[in-house]
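**Student:** Structure file upload-v5.csv (CSV, C-alpha atoms (C1' of nucleotides)) is given on the next line.
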chain,number,residue,atom,x,y,z
A,6,MET,CA,82.4,51.2,71.4
A,7,LEU,CA,79.9,49.3,69.3
A,8,ARG,CA,77.2,49.7,71.9
A,9,ARG,CA,75.5,46.4,71.2
A,10,ASP,CA,71.8,45.9,71.7
A,11,VAL,CA,71.0,43.6,74.6
A,12,PHE,CA,67.8,42.4,72.7
A,13,GLN,CA,70.0,41.3,69.9
A,14,ALA,CA,72.5,39.7,72.3
A,15,ILE,CA,69.9,37.5,73.9
A,16,ALA,CA,68.3,36.5,70.6
A,17,ASP,CA,70.7,33.6,70.2
A,18,PRO,CA,69.9,30.5,72.3
A,19,THR,CA,73.6,29.7,72.8
A,20,ARG,CA,74.2,33.1,74.3
A,21,ARG,CA,71.1,32.7,76.6
A,22,GLU,CA,72.6,29.4,77.8
A,23,ILE,CA,75.9,31.0,78.5
A,24,ILE,CA,74.2,33.6,80.6
A,25,GLY,CA,72.5,30.8,82.5
A,26,MET,CA,75.8,29.1,83.1
A,27,LEU,CA,77.5,32.2,84.4
A,28,ALA,CA,74.6,32.8,86.8
A,29,HIS,CA,75.7,29.7,88.7
A,30,LYS,CA,79.4,30.4,88.6
A,31,SER,CA,82.0,32.5,86.8
A,32,LEU,CA,83.9,30.5,84.2
A,33,ASN,CA,86.8,31.0,81.8
A,34,ILE,CA,86.3,30.7,78.1
A,35,ASN,CA,87.4,27.1,77.9
A,36,ASN,CA,85.1,26.1,80.8
A,37,VAL,CA,82.2,27.5,78.8
A,38,ALA,CA,83.3,26.0,75.5
A,39,ASP,CA,83.5,22.5,77.1
A,40,GLU,CA,79.7,22.6,77.6
A,41,PHE,CA,78.9,23.1,74.0
A,42,ALA,CA,79.4,21.2,70.8
A,43,ILE,CA,80.8,24.2,68.9
A,44,SER,CA,84.4,25.3,68.8
A,45,ARG,CA,86.2,27.6,71.3
A,46,PRO,CA,86.5,30.5,68.8
A,47,ALA,CA,82.8,30.4,68.3
A,48,ILE,CA,82.2,30.8,72.1
A,49,SER,CA,84.8,33.5,72.1
A,50,LYS,CA,82.8,35.4,69.5
A,51,HIS,CA,79.6,34.9,71.5
A,52,MET,CA,81.4,36.2,74.6
A,53,LYS,CA,82.5,39.3,72.7
A,54,ILE,CA,78.9,40.1,71.8
A,55,LEU,CA,77.9,39.6,75.4
A,56,THR,CA,80.6,41.9,76.8
A,57,GLU,CA,80.0,44.5,74.1
A,58,CYS,CA,76.4,45.0,75.4
A,59,GLY,CA,77.5,44.8,79.0
A,60,LEU,CA,75.8,41.4,79.8
A,61,VAL,CA,79.2,39.9,80.7
A,62,THR,CA,82.4,41.3,82.2
A,63,ILE,CA,85.8,39.7,82.0
A,64,THR,CA,88.6,39.7,84.6
A,65,LYS,CA,92.0,38.5,83.6
A,66,GLN,CA,93.6,36.1,86.0
A,67,GLY,CA,96.9,34.9,84.8
A,68,ARG,CA,96.4,33.4,81.4
A,69,GLU,CA,92.7,32.8,82.1
A,70,ASN,CA,89.8,35.2,81.3
A,71,TYR,CA,87.1,34.8,83.8
A,72,CYS,CA,83.6,35.7,82.6
A,73,HIS,CA,81.0,37.1,85.0
A,74,ALA,CA,77.4,37.7,84.1
A,75,ASP,CA,76.1,41.3,84.7
A,76,PHE,CA,72.4,41.1,85.0
A,77,GLY,CA,71.8,44.8,85.3
A,78,LYS,CA,71.5,45.0,81.5
A,79,LEU,CA,68.8,42.4,81.6
A,80,LYS,CA,66.6,44.8,83.4
A,81,GLU,CA,66.2,46.7,80.1
A,82,VAL,CA,64.5,43.7,78.7
A,83,ALA,CA,62.4,43.1,81.8
A,84,ASP,CA,61.2,46.7,81.7
A,85,TRP,CA,60.2,46.5,78.1
A,86,THR,CA,58.2,43.3,78.6
A,87,ALA,CA,56.7,44.9,81.8
A,88,ARG,CA,55.0,47.5,79.7
A,89,TYR,CA,52.7,44.8,78.3
A,90,GLN,CA,52.5,42.6,81.3
A,91,LYS,CA,48.9,43.6,82.1
A,92,PHE,CA,47.9,42.1,78.7
A,93,TRP,CA,48.7,38.6,79.8
A,94,THR,CA,48.1,38.8,83.6
A,95,GLU,CA,44.6,40.2,83.5
A,96,LYS,CA,41.8,39.8,81.1
A,97,LEU,CA,41.2,43.5,80.6
A,98,ASP,CA,40.4,45.5,77.5
A,99,ALA,CA,43.8,45.9,75.8
A,100,LEU,CA,43.6,49.6,75.1
A,101,GLY,CA,42.4,50.4,78.6
A,102,ALA,CA,45.2,48.4,80.2
A,103,PHE,CA,47.8,50.1,78.1
A,104,LEU,CA,46.6,53.5,78.9
A,105,ASP,CA,46.5,52.7,82.6
A,106,LEU,CA,50.1,51.5,82.4
A,107,GLU,CA,51.1,54.6,80.5
A,108,ASN,CA,49.6,56.8,83.2
A,109,GLU,CA,51.2,54.9,86.1
A,110,GLN,CA,54.7,55.0,84.7
A,111,ASN,CA,54.5,58.3,83.0
A,112,ILE,CA,56.5,57.1,80.1
A,113,ASP,CA,57.6,59.4,77.3
A,114,LYS,CA,55.8,60.2,74.0
A,115,ASN,CA,57.4,57.3,72.1
A,116,PRO,CA,57.6,54.5,74.6
A,117,ASP,CA,58.2,51.8,72.0
A,118,LYS,CA,61.6,52.8,70.6
A,119,SER,CA,63.8,49.8,71.4
B,24,MET,CA,55.3,25.8,60.6
B,25,LEU,CA,58.6,27.6,61.0
B,26,ARG,CA,58.0,27.9,64.8
B,27,ARG,CA,59.8,31.2,65.1
B,28,ASP,CA,61.6,32.2,68.3
B,29,VAL,CA,60.1,35.1,70.1
B,30,PHE,CA,63.5,36.2,71.4
B,31,GLN,CA,64.7,36.5,67.8
B,32,ALA,CA,61.5,38.3,66.8
B,33,ILE,CA,61.9,41.1,69.3
B,34,ALA,CA,65.6,41.5,68.5
B,35,ASP,CA,64.8,44.0,65.8
B,36,PRO,CA,63.9,47.5,67.0
B,37,THR,CA,61.4,48.0,64.2
B,38,ARG,CA,59.5,44.9,65.3
B,39,ARG,CA,59.5,46.1,68.9
B,40,GLU,CA,58.1,49.4,67.7
B,41,ILE,CA,55.4,47.6,65.8
B,42,ILE,CA,54.4,45.7,68.9
B,43,GLY,CA,54.2,49.0,70.8
B,44,MET,CA,51.9,50.5,68.1
B,45,LEU,CA,49.6,47.5,68.1
B,46,ALA,CA,49.3,47.7,71.9
B,47,HIS,CA,47.5,51.0,71.4
B,48,LYS,CA,45.3,49.9,68.5
B,49,SER,CA,44.9,47.2,65.9
B,50,LEU,CA,46.1,48.4,62.5
B,51,ASN,CA,46.3,47.2,59.0
B,52,ILE,CA,49.6,46.8,57.1
B,53,ASN,CA,49.4,50.1,55.4
B,54,ASN,CA,48.6,51.9,58.6
B,55,VAL,CA,51.7,50.4,60.2
B,56,ALA,CA,53.9,51.1,57.2
B,57,ASP,CA,52.9,54.8,57.2
B,58,GLU,CA,54.6,55.2,60.5
B,59,PHE,CA,58.0,54.0,59.2
B,60,ALA,CA,60.5,55.3,56.7
B,61,ILE,CA,60.9,51.8,55.1
B,62,SER,CA,58.7,50.3,52.4
B,63,ARG,CA,55.5,48.5,52.8
B,64,PRO,CA,56.9,45.1,51.7
B,65,ALA,CA,59.5,45.5,54.4
B,66,ILE,CA,56.8,45.9,57.0
B,67,SER,CA,55.0,43.0,55.6
B,68,LYS,CA,58.0,40.8,56.1
B,69,HIS,CA,58.4,42.0,59.7
B,70,MET,CA,54.7,41.2,60.3
B,71,LYS,CA,55.2,37.7,58.9
B,72,ILE,CA,58.0,37.1,61.5
B,73,LEU,CA,55.7,38.4,64.2
B,74,THR,CA,52.8,36.2,63.2
B,75,GLU,CA,55.1,33.2,62.8
B,76,CYS,CA,56.1,33.4,66.5
B,77,GLY,CA,52.6,34.2,67.7
B,78,LEU,CA,53.2,37.8,68.7
B,79,VAL,CA,50.7,39.1,66.2
B,80,THR,CA,47.5,37.6,64.8
B,81,ILE,CA,45.8,38.8,61.6
B,82,THR,CA,42.1,39.0,60.9
B,83,LYS,CA,41.0,39.7,57.3
B,84,GLN,CA,38.4,42.3,56.9
B,85,GLY,CA,37.5,42.9,53.3
B,86,ARG,CA,40.7,43.7,51.5
B,87,GLU,CA,42.4,44.9,54.7
B,88,ASN,CA,44.4,42.7,57.1
B,89,TYR,CA,44.1,43.9,60.6
B,90,CYS,CA,47.0,43.1,62.9
B,91,HIS,CA,46.5,42.5,66.6
B,92,ALA,CA,49.3,42.1,69.2
B,93,ASP,CA,49.2,38.9,71.2
B,94,PHE,CA,51.2,39.5,74.4
B,95,GLY,CA,51.0,36.0,75.8
B,96,LYS,CA,54.1,35.1,73.9
B,97,LEU,CA,55.9,38.0,75.6
B,98,LYS,CA,55.5,36.2,78.9
B,99,GLU,CA,58.1,33.7,77.7
B,100,VAL,CA,60.6,36.5,77.6
B,101,ALA,CA,59.5,38.0,80.9
B,102,ASP,CA,59.8,34.6,82.5
B,103,TRP,CA,63.3,34.2,81.3
B,104,THR,CA,64.5,37.5,82.6
B,105,ALA,CA,62.6,36.9,85.9
B,106,ARG,CA,65.0,34.0,86.6
B,107,TYR,CA,67.7,36.6,87.1
B,108,GLN,CA,65.7,39.4,88.5
B,109,LYS,CA,67.1,39.0,92.0
B,110,PHE,CA,70.6,39.8,90.6
B,111,TRP,CA,69.6,43.4,89.8
B,112,THR,CA,66.9,44.0,92.5
B,113,GLU,CA,69.0,43.0,95.5
B,114,LYS,CA,72.6,43.2,96.4
B,115,LEU,CA,73.0,39.6,97.3
B,116,ASP,CA,75.7,37.1,96.7
B,117,ALA,CA,75.0,36.0,93.1
B,118,LEU,CA,75.2,32.3,93.6
B,119,GLY,CA,73.1,32.4,96.7
B,120,ALA,CA,70.4,34.4,95.0
B,121,PHE,CA,70.3,32.1,92.0
B,122,LEU,CA,70.0,29.0,94.2
B,123,ASP,CA,67.2,30.7,96.1
B,124,LEU,CA,65.4,31.4,92.9
B,125,GLU,CA,65.8,27.9,91.7
B,126,ASN,CA,64.4,26.5,94.9
B,127,GLU,CA,61.3,28.8,94.9
B,128,GLN,CA,60.3,28.1,91.4
B,129,ASN,CA,61.4,24.5,91.2
B,130,ILE,CA,62.6,24.9,87.7
B,131,ASP,CA,64.0,22.0,85.8
B,132,LYS,CA,67.6,20.7,85.6
B,133,ASN,CA,68.5,22.8,82.6
B,134,PRO,CA,66.7,26.1,83.0
B,135,ASP,CA,68.8,28.0,80.6
B,136,LYS,CA,67.8,26.3,77.3
B,137,SER,CA,66.2,29.1,75.2
C,13,DT,C1',33.2,48.0,33.9
C,14,DA,C1',37.2,50.5,34.8
C,15,DT,C1',40.0,52.1,38.3
C,16,DA,C1',42.0,52.6,42.8
C,17,DT,C1',43.4,50.3,47.1
C,18,DT,C1',45.4,46.7,50.0
C,19,DT,C1',48.2,43.1,50.2
C,20,DG,C1',51.4,39.1,49.2
C,21,DT,C1',55.4,37.6,47.0
C,22,DA,C1',59.3,36.8,44.0
C,23,DA,C1',63.9,38.2,42.7
C,24,DC,C1',67.6,40.5,44.0
C,25,DC,C1',71.2,43.1,46.9
C,26,DG,C1',74.7,44.0,50.4
C,27,DA,C1',75.6,43.2,55.3
C,28,DT,C1',75.6,40.5,59.2
C,29,DC,C1',75.5,35.9,61.6
C,30,DG,C1',77.2,31.8,63.3
C,31,DG,C1',80.3,28.7,62.4
C,32,DT,C1',85.0,26.7,60.9
C,33,DT,C1',90.4,26.2,60.5
C,34,DA,C1',94.8,28.1,61.1
C,35,DC,C1',97.9,31.0,63.2
C,36,DT,C1',99.8,34.0,67.0
C,37,DT,C1',100.6,35.5,71.6
C,38,DA,C1',100.8,35.2,76.6
C,39,DT,C1',101.2,32.6,80.6
C,40,DT,C1',102.2,28.5,83.3
C,41,DC,C1',104.5,24.2,84.4
C,42,DC,C1',108.2,20.7,83.9
D,20,DG,C1',114.5,26.8,78.1
D,21,DG,C1',110.9,24.0,76.2
D,22,DA,C1',106.2,22.1,76.3
D,23,DA,C1',101.5,22.7,77.3
D,24,DT,C1',97.6,25.6,78.1
D,25,DA,C1',94.3,29.7,77.4
D,26,DA,C1',92.8,32.9,74.5
D,27,DG,C1',92.4,36.4,70.6
D,28,DT,C1',92.0,37.0,65.8
D,29,DA,C1',92.1,36.7,60.8
D,30,DA,C1',90.3,34.5,56.7
D,31,DC,C1',86.9,32.1,55.0
D,32,DC,C1',82.1,29.9,54.3
D,33,DG,C1',77.1,29.3,53.6
D,34,DA,C1',72.8,31.0,55.5
D,35,DT,C1',70.0,34.5,57.0
D,36,DC,C1',68.6,39.4,57.6
D,37,DG,C1',66.6,43.7,56.3
D,38,DG,C1',65.9,46.2,52.7
D,39,DT,C1',64.6,47.2,47.7
D,40,DT,C1',61.7,47.2,43.1
D,41,DA,C1',58.4,44.9,40.3
D,42,DC,C1',54.6,42.3,39.6
D,43,DA,C1',50.1,39.8,40.6
D,44,DA,C1',45.7,39.0,42.9
D,45,DA,C1',41.7,40.3,45.5
D,46,DT,C1',38.5,43.8,47.0
D,47,DA,C1',36.2,48.2,47.0
D,48,DT,C1',34.6,52.3,44.6
D,49,DA,C1',33.5,55.6,40.8
Would you mind writing the structure in this file as structure tokens?
**Tutor:**
Amino acid sequence: MLRRDVFQAIADPTRREIIGMLAHKSLNINNVADEFAISRPAISKHMKILTECGLVTITKQGRENYCHADFGKLKEVADWTARYQKFWTEKLDALGAFLDLENEQNIDKNPDKS
Amino acid sequence: MLRRDVFQAIADPTRREIIGMLAHKSLNINNVADEFAISRPAISKHMKILTECGLVTITKQGRENYCHADFGKLKEVADWTARYQKFWTEKLDALGAFLDLENEQNIDKNPDKS
DNA sequence: TATATTTGTAACCGATCGGTTACTTATTCC
DNA sequence: GGAATAAGTAACCGATCGGTTACAAATATA
């Protein structure tokens, strides 16, 4: 497996839009492609990237491939941003806030790797 | 202005590491470059991307350029992931959860655009 | 003043990205 | 069986990415 990076997967606005669509309802590839100006193969490629990083799972139903969003992988992103949340929610000294956060969560020596 | 996308900016693991470093302490370009195996101009390019999207600001001090992280822009990412938070925090029916979220936050018709 | 330090940037490189068209395969419907 | 539908994939394209080396400019230091 290629073990795609979820940060890289959500970097593209089209893919973020796809995730939003699938939150409402599971759709097959053509259903998704109909909502965009780009071609079906282009959507198919985006979907491959989303499945490779675990953001989307596909279940085959006859000749149709239904795509479901799997939001668990999005937690990885939320957790990363949460490290710095205090910096925008409170007007604290930045260094102090970070050290507080580090203490609370007891994160490892190198918390900034991916 | 190029008006860089913060999602694209944080897609690169090196840039995420830089953000983590600047959370501890403001540093000049060489300080940052010393922590990586890649060249100084490469770091300089990463820093340009980070400043273009507002994640980093630079203050000139003599011949040194001090880089400070600006976490406000990270809220944009946190807000996007928060739309789907219920999907991983609770074991609810996915459609129901999304509609609840939509109701609470009263987000616009097309909440999935970037 | 001469030299060292900090930085930006230009030119280049190979790889990847996001898209296309064309073709194939599998399934469903008449 | 034959036609239509859904989807994967290969080949190609131009642009961007992430890196390099080389050079220039500004500031600090001896």
**Student:** For the contact check between chain D and chain B, emit one row per residue of chain D within 7 Å, containing the shortest atom pair and the distance in Å rounded to one decimal, counting all atoms listed in the file, chain then rising number order, as CSV.
**Tutor:**
residue,atom,partner,partner_atom,distance
D:DG38,C1',B:Ala65,CA,6.7
D:DA45,C1',B:Arg86,CA,7.0
D:DT46,C1',B:Arg86,CA,5.0
**Student:** Output as JSON, numbers by chain the set of chain C residues within 12 Å of chain A, with distances taken over all atoms listed in the file.
**Tutor:** {"C": [29, 30, 31, 32, 33, 34, 37, 38, 39, 40]}
**Student:** Please report the interatomic distance between atom CA of Arg39 of chain B and atom CA of Tyr89 of chain B in Å with one decimal.
**Tutor:** 17.6 Å
**Student:** For DA22 of chain C, find every residue with an atom within 12 Å (counting only C-alpha atoms (C1' of nucleotides)), except residues of its own chain fewer than 4 positions away, and show them as a list of chain:residue names.
**Tutor:**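 Residues meeting the cut-off are B:Pro64, D:DT40, D:DA41, D:DC42, D:DA43.
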**Student:** Go ahead and compute the interatomic distance for atom CA of Val82 of chain A and atom CA of Ile41 of chain B, in Å to one decimal.
**Tutor:**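 Between these atoms lies a distance of 16.3 Å.
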**Student:** Work out how far apart atom CA of Pro18 of chain A and atom CA of Leu32 of chain A are and give it in Å to one decimal.
**Tutor:**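 Computed distance, atom CA of Pro18 of chain A to atom CA of Leu32 of chain A, equals 18.4 Å.
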